[in-house]
>>> print(open('upload.cif').read())   # mmCIF, N, CA and C atoms
data_run
loop_
_atom_site.label_atom_id
_atom_site.label_comp_id
_atom_site.auth_asym_id
_atom_site.auth_seq_id
_atom_site.Cartn_x
_atom_site.Cartn_y
_atom_site.Cartn_z
N MET A 1 7.68 -13.53 -17.15
CA MET A 1 6.69 -14.34 -16.44
C MET A 1 5.35 -14.27 -17.15
N THR A 2 4.59 -15.32 -17.03
CA THR A 2 3.25 -15.35 -17.61
C THR A 2 2.25 -14.81 -16.58
N VAL A 3 1.07 -14.50 -17.04
CA VAL A 3 0.00 -14.06 -16.15
C VAL A 3 -0.28 -15.13 -15.10
N ASP A 4 -0.32 -16.39 -15.54
CA ASP A 4 -0.57 -17.49 -14.61
C ASP A 4 0.49 -17.55 -13.52
N GLU A 5 1.75 -17.43 -13.89
CA GLU A 5 2.84 -17.47 -12.91
C GLU A 5 2.77 -16.30 -11.93
N ILE A 6 2.45 -15.13 -12.45
CA ILE A 6 2.35 -13.93 -11.61
C ILE A 6 1.24 -14.10 -10.58
N PHE A 7 0.07 -14.48 -11.03
CA PHE A 7 -1.06 -14.62 -10.12
C PHE A 7 -0.84 -15.77 -9.14
N SER A 8 -0.21 -16.84 -9.59
CA SER A 8 0.10 -17.95 -8.69
C SER A 8 1.05 -17.50 -7.59
N LYS A 9 2.05 -16.75 -7.96
CA LYS A 9 3.02 -16.23 -6.99
C LYS A 9 2.33 -15.31 -5.98
N LEU A 10 1.45 -14.45 -6.46
CA LEU A 10 0.72 -13.55 -5.58
C LEU A 10 -0.19 -14.32 -4.63
N ALA A 11 -0.94 -15.27 -5.16
CA ALA A 11 -1.88 -16.04 -4.33
C ALA A 11 -1.14 -16.85 -3.28
N THR A 12 -0.04 -17.46 -3.66
CA THR A 12 0.75 -18.24 -2.71
C THR A 12 1.26 -17.35 -1.59
N HIS A 13 1.74 -16.18 -1.95
CA HIS A 13 2.23 -15.24 -0.95
C HIS A 13 1.10 -14.78 -0.01
N MET A 14 -0.07 -14.59 -0.57
CA MET A 14 -1.21 -14.16 0.27
C MET A 14 -1.58 -15.24 1.28
N ILE A 15 -1.53 -16.50 0.88
CA ILE A 15 -1.80 -17.59 1.83
C ILE A 15 -0.74 -17.59 2.93
N GLU A 16 0.51 -17.36 2.56
CA GLU A 16 1.58 -17.25 3.56
C GLU A 16 1.29 -16.10 4.51
N GLY A 17 0.74 -15.02 3.98
CA GLY A 17 0.38 -13.87 4.81
C GLY A 17 -0.70 -14.21 5.82
N VAL A 18 -1.70 -14.96 5.37
CA VAL A 18 -2.76 -15.40 6.28
C VAL A 18 -2.15 -16.22 7.41
N MET A 19 -1.26 -17.14 7.06
CA MET A 19 -0.63 -17.99 8.07
C MET A 19 0.32 -17.19 8.97
N THR A 20 0.99 -16.20 8.43
CA THR A 20 1.88 -15.35 9.23
C THR A 20 1.10 -14.61 10.29
N HIS A 21 0.00 -13.98 9.89
CA HIS A 21 -0.81 -13.25 10.86
C HIS A 21 -1.44 -14.19 11.88
N ASP A 22 -1.81 -15.39 11.44
CA ASP A 22 -2.34 -16.39 12.36
C ASP A 22 -1.31 -16.75 13.43
N ARG A 23 -0.09 -17.00 13.01
CA ARG A 23 0.98 -17.36 13.96
C ARG A 23 1.26 -16.21 14.92
N LEU A 24 1.31 -14.99 14.39
CA LEU A 24 1.56 -13.84 15.26
C LEU A 24 0.43 -13.68 16.28
N ALA A 25 -0.80 -13.88 15.84
CA ALA A 25 -1.94 -13.79 16.75
C ALA A 25 -1.84 -14.85 17.84
N GLN A 26 -1.49 -16.07 17.47
CA GLN A 26 -1.33 -17.14 18.45
C GLN A 26 -0.24 -16.82 19.46
N ALA A 27 0.88 -16.31 18.97
CA ALA A 27 2.01 -15.99 19.85
C ALA A 27 1.63 -14.88 20.83
N TYR A 28 0.97 -13.85 20.33
CA TYR A 28 0.57 -12.75 21.22
C TYR A 28 -0.47 -13.22 22.24
N ASP A 29 -1.37 -14.09 21.83
CA ASP A 29 -2.33 -14.67 22.78
C ASP A 29 -1.60 -15.41 23.89
N PHE A 30 -0.63 -16.22 23.51
CA PHE A 30 0.15 -16.98 24.48
C PHE A 30 0.84 -16.05 25.46
N LEU A 31 1.35 -14.93 24.96
CA LEU A 31 2.06 -13.98 25.83
C LEU A 31 1.10 -13.14 26.67
N GLY A 32 -0.20 -13.30 26.43
CA GLY A 32 -1.18 -12.51 27.17
C GLY A 32 -1.35 -11.10 26.63
N LEU A 33 -0.93 -10.88 25.40
CA LEU A 33 -1.03 -9.57 24.76
C LEU A 33 -2.18 -9.60 23.75
N CYS A 34 -3.38 -9.60 24.30
CA CYS A 34 -4.59 -9.84 23.50
C CYS A 34 -4.86 -8.74 22.48
N GLY A 35 -4.48 -7.51 22.78
CA GLY A 35 -4.68 -6.42 21.82
C GLY A 35 -3.88 -6.64 20.55
N PHE A 36 -2.61 -7.03 20.72
CA PHE A 36 -1.77 -7.34 19.57
C PHE A 36 -2.33 -8.55 18.82
N SER A 37 -2.82 -9.52 19.56
CA SER A 37 -3.40 -10.71 18.95
C SER A 37 -4.60 -10.33 18.07
N LYS A 38 -5.48 -9.51 18.60
CA LYS A 38 -6.66 -9.09 17.84
C LYS A 38 -6.27 -8.29 16.59
N CYS A 39 -5.23 -7.50 16.71
CA CYS A 39 -4.72 -6.75 15.56
C CYS A 39 -4.34 -7.72 14.44
N HIS A 40 -3.63 -8.79 14.78
CA HIS A 40 -3.20 -9.74 13.75
C HIS A 40 -4.35 -10.62 13.26
N LEU A 41 -5.33 -10.86 14.10
CA LEU A 41 -6.52 -11.58 13.62
C LEU A 41 -7.25 -10.73 12.57
N TYR A 42 -7.31 -9.43 12.81
CA TYR A 42 -7.90 -8.51 11.83
C TYR A 42 -7.13 -8.59 10.51
N HIS A 43 -5.80 -8.52 10.60
CA HIS A 43 -4.99 -8.56 9.38
C HIS A 43 -5.09 -9.93 8.70
N GLN A 44 -5.24 -10.98 9.48
CA GLN A 44 -5.42 -12.31 8.92
C GLN A 44 -6.70 -12.36 8.08
N MET A 45 -7.78 -11.84 8.63
CA MET A 45 -9.05 -11.83 7.90
C MET A 45 -8.97 -10.94 6.67
N SER A 46 -8.27 -9.82 6.80
CA SER A 46 -8.09 -8.91 5.68
C SER A 46 -7.29 -9.58 4.56
N GLU A 47 -6.23 -10.30 4.94
CA GLU A 47 -5.42 -11.04 3.95
C GLU A 47 -6.26 -12.11 3.25
N MET A 48 -7.11 -12.79 4.03
CA MET A 48 -7.94 -13.83 3.45
C MET A 48 -8.92 -13.24 2.45
N LYS A 49 -9.49 -12.09 2.79
CA LYS A 49 -10.41 -11.42 1.87
C LYS A 49 -9.67 -11.01 0.60
N GLY A 50 -8.46 -10.48 0.76
CA GLY A 50 -7.66 -10.10 -0.41
C GLY A 50 -7.36 -11.29 -1.30
N TYR A 51 -7.04 -12.41 -0.67
CA TYR A 51 -6.77 -13.64 -1.40
C TYR A 51 -8.01 -14.07 -2.18
N GLU A 52 -9.16 -14.08 -1.52
CA GLU A 52 -10.40 -14.48 -2.18
C GLU A 52 -10.73 -13.56 -3.35
N CYS A 53 -10.50 -12.27 -3.18
CA CYS A 53 -10.76 -11.31 -4.26
C CYS A 53 -9.81 -11.55 -5.43
N LEU A 54 -8.54 -11.85 -5.13
CA LEU A 54 -7.57 -12.14 -6.18
C LEU A 54 -7.99 -13.38 -6.96
N MET A 55 -8.37 -14.42 -6.24
CA MET A 55 -8.79 -15.67 -6.89
C MET A 55 -10.03 -15.44 -7.76
N HIS A 56 -10.98 -14.66 -7.25
CA HIS A 56 -12.19 -14.35 -8.01
C HIS A 56 -11.83 -13.55 -9.27
N TYR A 57 -10.97 -12.56 -9.12
CA TYR A 57 -10.56 -11.75 -10.27
C TYR A 57 -9.94 -12.64 -11.34
N TYR A 58 -9.02 -13.50 -10.91
CA TYR A 58 -8.32 -14.36 -11.86
C TYR A 58 -9.30 -15.29 -12.58
N SER A 59 -10.19 -15.93 -11.83
CA SER A 59 -11.10 -16.89 -12.45
C SER A 59 -12.14 -16.22 -13.34
N THR A 60 -12.53 -15.00 -13.04
CA THR A 60 -13.54 -14.33 -13.87
C THR A 60 -12.94 -13.54 -15.03
N HIS A 61 -11.65 -13.25 -14.97
CA HIS A 61 -11.01 -12.52 -16.06
C HIS A 61 -10.16 -13.40 -16.97
N TYR A 62 -9.62 -14.46 -16.41
CA TYR A 62 -8.78 -15.37 -17.21
C TYR A 62 -9.43 -16.74 -17.40
N HIS A 63 -10.53 -16.96 -16.71
CA HIS A 63 -11.36 -18.16 -16.89
C HIS A 63 -10.60 -19.47 -16.67
N LYS A 64 -9.75 -19.45 -15.66
CA LYS A 64 -8.96 -20.62 -15.30
C LYS A 64 -8.92 -20.76 -13.79
N LEU A 65 -8.54 -21.97 -13.36
CA LEU A 65 -8.23 -22.18 -11.95
C LEU A 65 -6.76 -21.87 -11.76
N LEU A 66 -6.44 -21.35 -10.60
CA LEU A 66 -5.07 -20.93 -10.32
C LEU A 66 -4.35 -21.97 -9.46
N THR A 67 -3.15 -22.30 -9.82
CA THR A 67 -2.32 -23.22 -9.04
C THR A 67 -1.65 -22.44 -7.92
N ILE A 68 -1.75 -22.99 -6.71
CA ILE A 68 -1.12 -22.37 -5.54
C ILE A 68 0.11 -23.20 -5.19
N GLY A 69 1.21 -22.51 -4.90
CA GLY A 69 2.44 -23.19 -4.54
C GLY A 69 2.41 -23.69 -3.10
N ASP A 70 3.45 -24.40 -2.72
CA ASP A 70 3.57 -24.89 -1.34
C ASP A 70 3.70 -23.70 -0.39
N THR A 71 3.00 -23.79 0.72
CA THR A 71 3.04 -22.72 1.71
C THR A 71 3.35 -23.31 3.08
N PRO A 72 4.63 -23.43 3.39
CA PRO A 72 5.00 -23.95 4.72
C PRO A 72 4.60 -22.97 5.81
N ALA A 73 4.26 -23.50 6.97
CA ALA A 73 3.88 -22.65 8.09
C ALA A 73 5.06 -21.78 8.51
N PRO A 74 4.82 -20.50 8.72
CA PRO A 74 5.91 -19.60 9.13
C PRO A 74 6.47 -20.01 10.49
N ASP A 75 7.76 -19.91 10.63
CA ASP A 75 8.45 -20.30 11.85
C ASP A 75 8.60 -19.09 12.76
N LEU A 76 7.51 -18.65 13.35
CA LEU A 76 7.52 -17.43 14.18
C LEU A 76 7.43 -17.71 15.67
N ILE A 77 7.04 -18.92 16.04
CA ILE A 77 6.90 -19.27 17.45
C ILE A 77 8.04 -20.21 17.82
N PRO A 78 8.88 -19.79 18.77
CA PRO A 78 9.99 -20.67 19.18
C PRO A 78 9.48 -22.02 19.69
N ALA A 79 10.15 -23.08 19.31
CA ALA A 79 9.74 -24.43 19.70
C ALA A 79 9.71 -24.60 21.22
N THR A 80 10.56 -23.90 21.93
CA THR A 80 10.63 -24.02 23.39
C THR A 80 9.36 -23.51 24.08
N TRP A 81 8.62 -22.63 23.42
CA TRP A 81 7.41 -22.07 24.03
C TRP A 81 6.35 -23.14 24.28
N TYR A 82 6.36 -24.20 23.53
CA TYR A 82 5.32 -25.21 23.63
C TYR A 82 5.35 -26.01 24.93
N LYS A 83 6.42 -25.89 25.69
CA LYS A 83 6.49 -26.63 26.95
C LYS A 83 6.20 -25.74 28.17
N TYR A 84 5.79 -24.50 27.93
CA TYR A 84 5.51 -23.57 29.02
C TYR A 84 4.05 -23.12 28.99
N THR A 85 3.65 -22.49 30.08
CA THR A 85 2.34 -21.84 30.14
C THR A 85 2.56 -20.33 30.07
N THR A 86 1.50 -19.61 29.82
CA THR A 86 1.58 -18.16 29.78
C THR A 86 2.12 -17.60 31.10
N MET A 87 1.71 -18.19 32.21
CA MET A 87 2.13 -17.69 33.52
C MET A 87 3.63 -17.87 33.75
N ALA A 88 4.27 -18.74 33.02
CA ALA A 88 5.70 -18.98 33.18
C ALA A 88 6.57 -17.97 32.41
N VAL A 89 5.94 -17.16 31.58
CA VAL A 89 6.69 -16.22 30.75
C VAL A 89 7.00 -14.96 31.56
N ASP A 90 8.28 -14.63 31.65
CA ASP A 90 8.68 -13.44 32.41
C ASP A 90 8.59 -12.18 31.53
N THR A 91 8.69 -11.05 32.18
CA THR A 91 8.53 -9.76 31.51
C THR A 91 9.59 -9.55 30.43
N ASN A 92 10.81 -9.92 30.71
CA ASN A 92 11.88 -9.74 29.73
C ASN A 92 11.63 -10.57 28.48
N THR A 93 11.14 -11.79 28.64
CA THR A 93 10.83 -12.65 27.49
C THR A 93 9.70 -12.02 26.67
N LYS A 94 8.68 -11.51 27.34
CA LYS A 94 7.58 -10.85 26.63
C LYS A 94 8.09 -9.65 25.83
N ARG A 95 8.93 -8.86 26.48
CA ARG A 95 9.47 -7.66 25.84
C ARG A 95 10.28 -8.03 24.59
N GLN A 96 11.17 -9.00 24.75
CA GLN A 96 12.02 -9.42 23.62
C GLN A 96 11.20 -10.07 22.51
N ALA A 97 10.24 -10.90 22.89
CA ALA A 97 9.39 -11.55 21.90
C ALA A 97 8.56 -10.53 21.12
N THR A 98 8.04 -9.53 21.83
CA THR A 98 7.26 -8.49 21.17
C THR A 98 8.12 -7.74 20.16
N LYS A 99 9.34 -7.40 20.55
CA LYS A 99 10.26 -6.70 19.65
C LYS A 99 10.55 -7.57 18.42
N THR A 100 10.85 -8.83 18.64
CA THR A 100 11.16 -9.75 17.55
C THR A 100 9.97 -9.91 16.60
N MET A 101 8.77 -10.07 17.17
CA MET A 101 7.59 -10.26 16.33
C MET A 101 7.22 -8.98 15.57
N MET A 102 7.41 -7.83 16.19
CA MET A 102 7.15 -6.57 15.48
C MET A 102 8.11 -6.42 14.30
N GLU A 103 9.36 -6.76 14.53
CA GLU A 103 10.35 -6.70 13.45
C GLU A 103 10.00 -7.67 12.33
N ALA A 104 9.55 -8.87 12.70
CA ALA A 104 9.15 -9.86 11.70
C ALA A 104 7.96 -9.37 10.90
N TRP A 105 7.01 -8.73 11.56
CA TRP A 105 5.84 -8.18 10.88
C TRP A 105 6.25 -7.11 9.87
N VAL A 106 7.09 -6.18 10.31
CA VAL A 106 7.54 -5.11 9.42
C VAL A 106 8.27 -5.70 8.22
N LYS A 107 9.16 -6.65 8.46
CA LYS A 107 9.89 -7.28 7.35
C LYS A 107 8.94 -7.98 6.39
N TRP A 108 7.95 -8.69 6.94
CA TRP A 108 6.97 -9.37 6.09
C TRP A 108 6.27 -8.36 5.18
N GLU A 109 5.83 -7.26 5.75
CA GLU A 109 5.10 -6.26 4.96
C GLU A 109 6.02 -5.58 3.94
N GLN A 110 7.27 -5.35 4.30
CA GLN A 110 8.22 -4.78 3.34
C GLN A 110 8.44 -5.72 2.17
N ASP A 111 8.62 -7.01 2.48
CA ASP A 111 8.80 -8.02 1.43
C ASP A 111 7.55 -8.14 0.56
N THR A 112 6.39 -8.05 1.20
CA THR A 112 5.12 -8.14 0.47
C THR A 112 4.98 -6.96 -0.48
N LYS A 113 5.27 -5.77 0.01
CA LYS A 113 5.17 -4.58 -0.85
C LYS A 113 6.12 -4.70 -2.04
N LYS A 114 7.33 -5.16 -1.79
CA LYS A 114 8.31 -5.34 -2.86
C LYS A 114 7.80 -6.34 -3.90
N LEU A 115 7.29 -7.49 -3.43
CA LEU A 115 6.77 -8.50 -4.34
C LEU A 115 5.61 -7.95 -5.17
N TYR A 116 4.66 -7.30 -4.53
CA TYR A 116 3.50 -6.77 -5.24
C TYR A 116 3.93 -5.75 -6.29
N GLN A 117 4.91 -4.92 -5.94
CA GLN A 117 5.39 -3.93 -6.90
C GLN A 117 6.07 -4.61 -8.09
N GLU A 118 6.84 -5.66 -7.82
CA GLU A 118 7.49 -6.40 -8.90
C GLU A 118 6.45 -7.05 -9.81
N MET A 119 5.41 -7.64 -9.22
CA MET A 119 4.38 -8.30 -10.02
C MET A 119 3.55 -7.27 -10.80
N TYR A 120 3.33 -6.11 -10.21
CA TYR A 120 2.66 -5.01 -10.91
C TYR A 120 3.46 -4.64 -12.16
N THR A 121 4.76 -4.49 -11.97
CA THR A 121 5.63 -4.12 -13.09
C THR A 121 5.62 -5.20 -14.17
N GLU A 122 5.69 -6.47 -13.74
CA GLU A 122 5.64 -7.59 -14.70
C GLU A 122 4.35 -7.55 -15.52
N LEU A 123 3.23 -7.37 -14.83
CA LEU A 123 1.94 -7.32 -15.55
C LEU A 123 1.90 -6.14 -16.51
N HIS A 124 2.40 -5.02 -16.06
CA HIS A 124 2.42 -3.83 -16.91
C HIS A 124 3.30 -4.08 -18.14
N ASN A 125 4.46 -4.71 -17.93
CA ASN A 125 5.39 -4.97 -19.03
C ASN A 125 4.83 -5.92 -20.08
N ILE A 126 3.96 -6.83 -19.68
CA ILE A 126 3.39 -7.76 -20.67
C ILE A 126 2.04 -7.27 -21.20
N GLY A 127 1.70 -6.03 -20.88
CA GLY A 127 0.50 -5.41 -21.44
C GLY A 127 -0.79 -5.74 -20.71
N GLU A 128 -0.70 -6.30 -19.53
CA GLU A 128 -1.90 -6.63 -18.75
C GLU A 128 -2.20 -5.47 -17.79
N ILE A 129 -2.63 -4.36 -18.35
CA ILE A 129 -2.79 -3.11 -17.60
C ILE A 129 -3.92 -3.20 -16.57
N ALA A 130 -5.04 -3.79 -16.94
CA ALA A 130 -6.16 -3.90 -15.99
C ALA A 130 -5.75 -4.77 -14.80
N ALA A 131 -5.07 -5.87 -15.06
CA ALA A 131 -4.60 -6.73 -13.97
C ALA A 131 -3.57 -6.00 -13.11
N ALA A 132 -2.70 -5.23 -13.76
CA ALA A 132 -1.71 -4.44 -13.01
C ALA A 132 -2.42 -3.44 -12.10
N ASP A 133 -3.47 -2.83 -12.61
CA ASP A 133 -4.22 -1.89 -11.77
C ASP A 133 -4.87 -2.58 -10.58
N LYS A 134 -5.32 -3.82 -10.78
CA LYS A 134 -5.88 -4.61 -9.67
C LYS A 134 -4.80 -4.81 -8.61
N ILE A 135 -3.60 -5.14 -9.02
CA ILE A 135 -2.50 -5.37 -8.08
C ILE A 135 -2.09 -4.05 -7.42
N LYS A 136 -2.24 -2.97 -8.13
CA LYS A 136 -1.91 -1.65 -7.55
C LYS A 136 -2.73 -1.39 -6.28
N CYS A 137 -3.96 -1.86 -6.26
CA CYS A 137 -4.80 -1.71 -5.06
C CYS A 137 -4.20 -2.47 -3.88
N TYR A 138 -3.64 -3.64 -4.16
CA TYR A 138 -2.99 -4.42 -3.10
C TYR A 138 -1.73 -3.71 -2.60
N ILE A 139 -1.01 -3.07 -3.51
CA ILE A 139 0.18 -2.32 -3.12
C ILE A 139 -0.20 -1.20 -2.16
N CYS A 140 -1.27 -0.49 -2.48
CA CYS A 140 -1.71 0.60 -1.60
C CYS A 140 -2.14 0.07 -0.23
N ASP A 141 -2.82 -1.08 -0.22
CA ASP A 141 -3.24 -1.69 1.05
C ASP A 141 -2.05 -2.07 1.91
N VAL A 142 -1.07 -2.73 1.30
CA VAL A 142 0.09 -3.18 2.08
C VAL A 142 0.93 -1.98 2.51
N ASP A 143 0.94 -0.93 1.72
CA ASP A 143 1.66 0.29 2.11
C ASP A 143 1.06 0.88 3.37
N GLU A 144 -0.26 0.88 3.47
CA GLU A 144 -0.94 1.37 4.68
C GLU A 144 -0.65 0.46 5.88
N GLU A 145 -0.67 -0.84 5.65
CA GLU A 145 -0.39 -1.78 6.75
C GLU A 145 1.06 -1.64 7.22
N LEU A 146 1.96 -1.43 6.27
CA LEU A 146 3.36 -1.24 6.61
C LEU A 146 3.54 0.02 7.45
N LYS A 147 2.83 1.07 7.09
CA LYS A 147 2.89 2.32 7.87
C LYS A 147 2.44 2.03 9.30
N HIS A 148 1.38 1.27 9.45
CA HIS A 148 0.85 0.94 10.77
C HIS A 148 1.85 0.06 11.54
N ALA A 149 2.43 -0.92 10.87
CA ALA A 149 3.37 -1.83 11.51
C ALA A 149 4.62 -1.09 11.98
N GLU A 150 5.08 -0.17 11.13
CA GLU A 150 6.29 0.59 11.51
C GLU A 150 6.02 1.54 12.67
#
>>> encode(input="upload.cif", output="structure tokens")
Amino acid sequence: MTVDEIFSKLATHMIEGVMTHDRLAQAYDFLGLCGFSKCHLYHQMSEMKGYECLMHYYSTHYHKLLTIGDTPAPDLIPATWYKYTTMAVDTNTKRQATKTMMEAWVKWEQDTKKLYQEMYTELHNIGEIAAADKIKCYICDVDEELKHAE
């Protein structure tokens, strides 16, 4: 992979992360679980900051604009929820939805950590050590978030 491809893949994934946390926050708000919602809003803002830092690093070190891939909205909210109100949601649905969303969050962070580690290795293999070290910081961040999610 080229440096451009690696950074594009990372940036695209980060945008997906922003949207994932946004969807989770919306779902938790709908369920009336505002604490969980605020947690994901925090992670959404953190992901956005990470994305902005990555884009800045790329443009100031490689002096190019980065191409971002297609980022479809994550499918985390069941379509049937859109025809109900929060008051119509029973306890069992909240419990099951919370379990499902927690599992989705953990899986997202596991996949993110794996991707970042692969891109770190790619950068290291092509001799881009400083860029690899930049990505290493993201690996440490996602490792902490994964610990929290688990």
>>> atom_distance(input="upload.cif", atom1="atom CA of A:Leu65", atom2="atom N of A:Tyr116")
21.0 Å
>>> closest_residue(input="upload.cif", among="A:Ile135, A:Val106, A:Ala73, A:Ala27", to="A:Met119", atoms="all atoms listed in the file")
A:Ile135
>>> select_by_dssp(input="upload.cif", residues="stretch 6-100 of chain A", states="alpha helix (DSSP H)", output="ChimeraX atom specification")
/A:6-31,34-61,91-100
>>> residues_around(input="upload.cif", residues="stretch 15-24 of chain A", least_positions_apart="2", cutoff="6 Å", atoms="only C-alpha atoms", output="list in words")
Thr12, His13, Gln26, Ala27, His40, Gln44, Glu47, Thr71 and Pro74 of chain A
>>> closest_residue(input="upload.cif", among="A:Leu66, A:Ile77, A:Ala25, A:Glu109", to="A:Lys38", atoms="only N, CA and C atoms")
A:Ala25
>>> resolve_selection(input="upload.cif", expression="the PyMOL selection byres (((chain A and resi 137 and name CA) around 12) and name CA)", output="ChimeraX atom specification")
/A:50,53-54,113,116-117,120,130-136,138-144
>>> write_last_selection(input="upload.cif", atoms="N, CA and C atoms", output="JSON list (two decimals), in the frame of the given file")
[["chain", "number", "residue", "atom", "x", "y", "z"],
["A", 50, "GLY", "N", -8.46, -10.48, 0.76],
["A", 50, "GLY", "CA", -7.66, -10.10, -0.41],
["A", 50, "GLY", "C", -7.36, -11.29, -1.30],
["A", 53, "CYS", "N", -10.50, -12.27, -3.18],
["A", 53, "CYS", "CA", -10.76, -11.31, -4.26],
["A", 53, "CYS", "C", -9.81, -11.55, -5.43],
["A", 54, "LEU", "N", -8.54, -11.85, -5.13],
["A", 54, "LEU", "CA", -7.57, -12.14, -6.18],
["A", 54, "LEU", "C", -7.99, -13.38, -6.96],
["A", 113, "LYS", "N", 5.27, -5.77, 0.01],
["A", 113, "LYS", "CA", 5.17, -4.58, -0.85],
["A", 113, "LYS", "C", 6.12, -4.70, -2.04],
["A", 116, "TYR", "N", 4.66, -7.30, -4.53],
["A", 116, "TYR", "CA", 3.50, -6.77, -5.24],
["A", 116, "TYR", "C", 3.93, -5.75, -6.29],
["A", 117, "GLN", "N", 4.91, -4.92, -5.94],
["A", 117, "GLN", "CA", 5.39, -3.93, -6.90],
["A", 117, "GLN", "C", 6.07, -4.61, -8.09],
["A", 120, "TYR", "N", 3.33, -6.11, -10.21],
["A", 120, "TYR", "CA", 2.66, -5.01, -10.91],
["A", 120, "TYR", "C", 3.46, -4.64, -12.16],
["A", 130, "ALA", "N", -5.04, -3.79, -16.94],
["A", 130, "ALA", "CA", -6.16, -3.90, -15.99],
["A", 130, "ALA", "C", -5.75, -4.77, -14.80],
["A", 131, "ALA", "N", -5.07, -5.87, -15.06],
["A", 131, "ALA", "CA", -4.60, -6.73, -13.97],
["A", 131, "ALA", "C", -3.57, -6.00, -13.11],
["A", 132, "ALA", "N", -2.70, -5.23, -13.76],
["A", 132, "ALA", "CA", -1.71, -4.44, -13.01],
["A", 132, "ALA", "C", -2.42, -3.44, -12.10],
["A", 133, "ASP", "N", -3.47, -2.83, -12.61],
["A", 133, "ASP", "CA", -4.22, -1.89, -11.77],
["A", 133, "ASP", "C", -4.87, -2.58, -10.58],
["A", 134, "LYS", "N", -5.32, -3.82, -10.78],
["A", 134, "LYS", "CA", -5.88, -4.61, -9.67],
["A", 134, "LYS", "C", -4.80, -4.81, -8.61],
["A", 135, "ILE", "N", -3.60, -5.14, -9.02],
["A", 135, "ILE", "CA", -2.50, -5.37, -8.08],
["A", 135, "ILE", "C", -2.09, -4.05, -7.42],
["A", 136, "LYS", "N", -2.24, -2.97, -8.13],
["A", 136, "LYS", "CA", -1.91, -1.65, -7.55],
["A", 136, "LYS", "C", -2.73, -1.39, -6.28],
["A", 138, "TYR", "N", -3.64, -3.64, -4.16],
["A", 138, "TYR", "CA", -2.99, -4.42, -3.10],
["A", 138, "TYR", "C", -1.73, -3.71, -2.60],
["A", 139, "ILE", "N", -1.01, -3.07, -3.51],
["A", 139, "ILE", "CA", 0.18, -2.32, -3.12],
["A", 139, "ILE", "C", -0.20, -1.20, -2.16],
["A", 140, "CYS", "N", -1.27, -0.49, -2.48],
["A", 140, "CYS", "CA", -1.71, 0.60, -1.60],
["A", 140, "CYS", "C", -2.14, 0.07, -0.23],
["A", 141, "ASP", "N", -2.82, -1.08, -0.22],
["A", 141, "ASP", "CA", -3.24, -1.69, 1.05],
["A", 141, "ASP", "C", -2.05, -2.07, 1.91],
["A", 142, "VAL", "N", -1.07, -2.73, 1.30],
["A", 142, "VAL", "CA", 0.09, -3.18, 2.08],
["A", 142, "VAL", "C", 0.93, -1.98, 2.51],
["A", 143, "ASP", "N", 0.94, -0.93, 1.72],
["A", 143, "ASP", "CA", 1.66, 0.29, 2.11],
["A", 143, "ASP", "C", 1.06, 0.88, 3.37],
["A", 144, "GLU", "N", -0.26, 0.88, 3.47],
["A", 144, "GLU", "CA", -0.94, 1.37, 4.68],
["A", 144, "GLU", "C", -0.65, 0.46, 5.88]]
>>> closest_residue(input="upload.cif", among="A:Glu150, A:Glu5, A:Asp29, A:Glu122", to="A:Lys99", atoms="only C-alpha atoms")
A:Glu150
>>> residues_around(input="upload.cif", residues="A:Leu31", least_positions_apart="6", cutoff="8 Å", atoms="only C-alpha atoms", output="count of residues only")
3
>>> atom_distance(input="upload.cif", atom1="atom C of A:Ala149", atom2="atom N of A:Met102")
8.4 Å
>>> atom_distance(input="upload.cif", atom1="atom N of A:Thr60", atom2="atom N of A:Asp111")
27.4 Å
>>> closest_residue(input="upload.cif", among="A:Tyr51, A:Phe36, A:Tyr42, A:Tyr58", to="A:Thr98", atoms="only C-alpha atoms")
A:Phe36
>>> closest_residue(input="upload.cif", among="A:Asp90, A:Ala104, A:Ile68, A:Leu76", to="A:Ala11", atoms="all atoms listed in the file")
A:Ile68
>>> closest_residue(input="upload.cif", among="A:Ile126, A:Met48, A:Ala79, A:Met87", to="A:Met14", atoms="all atoms listed in the file")
A:Met48
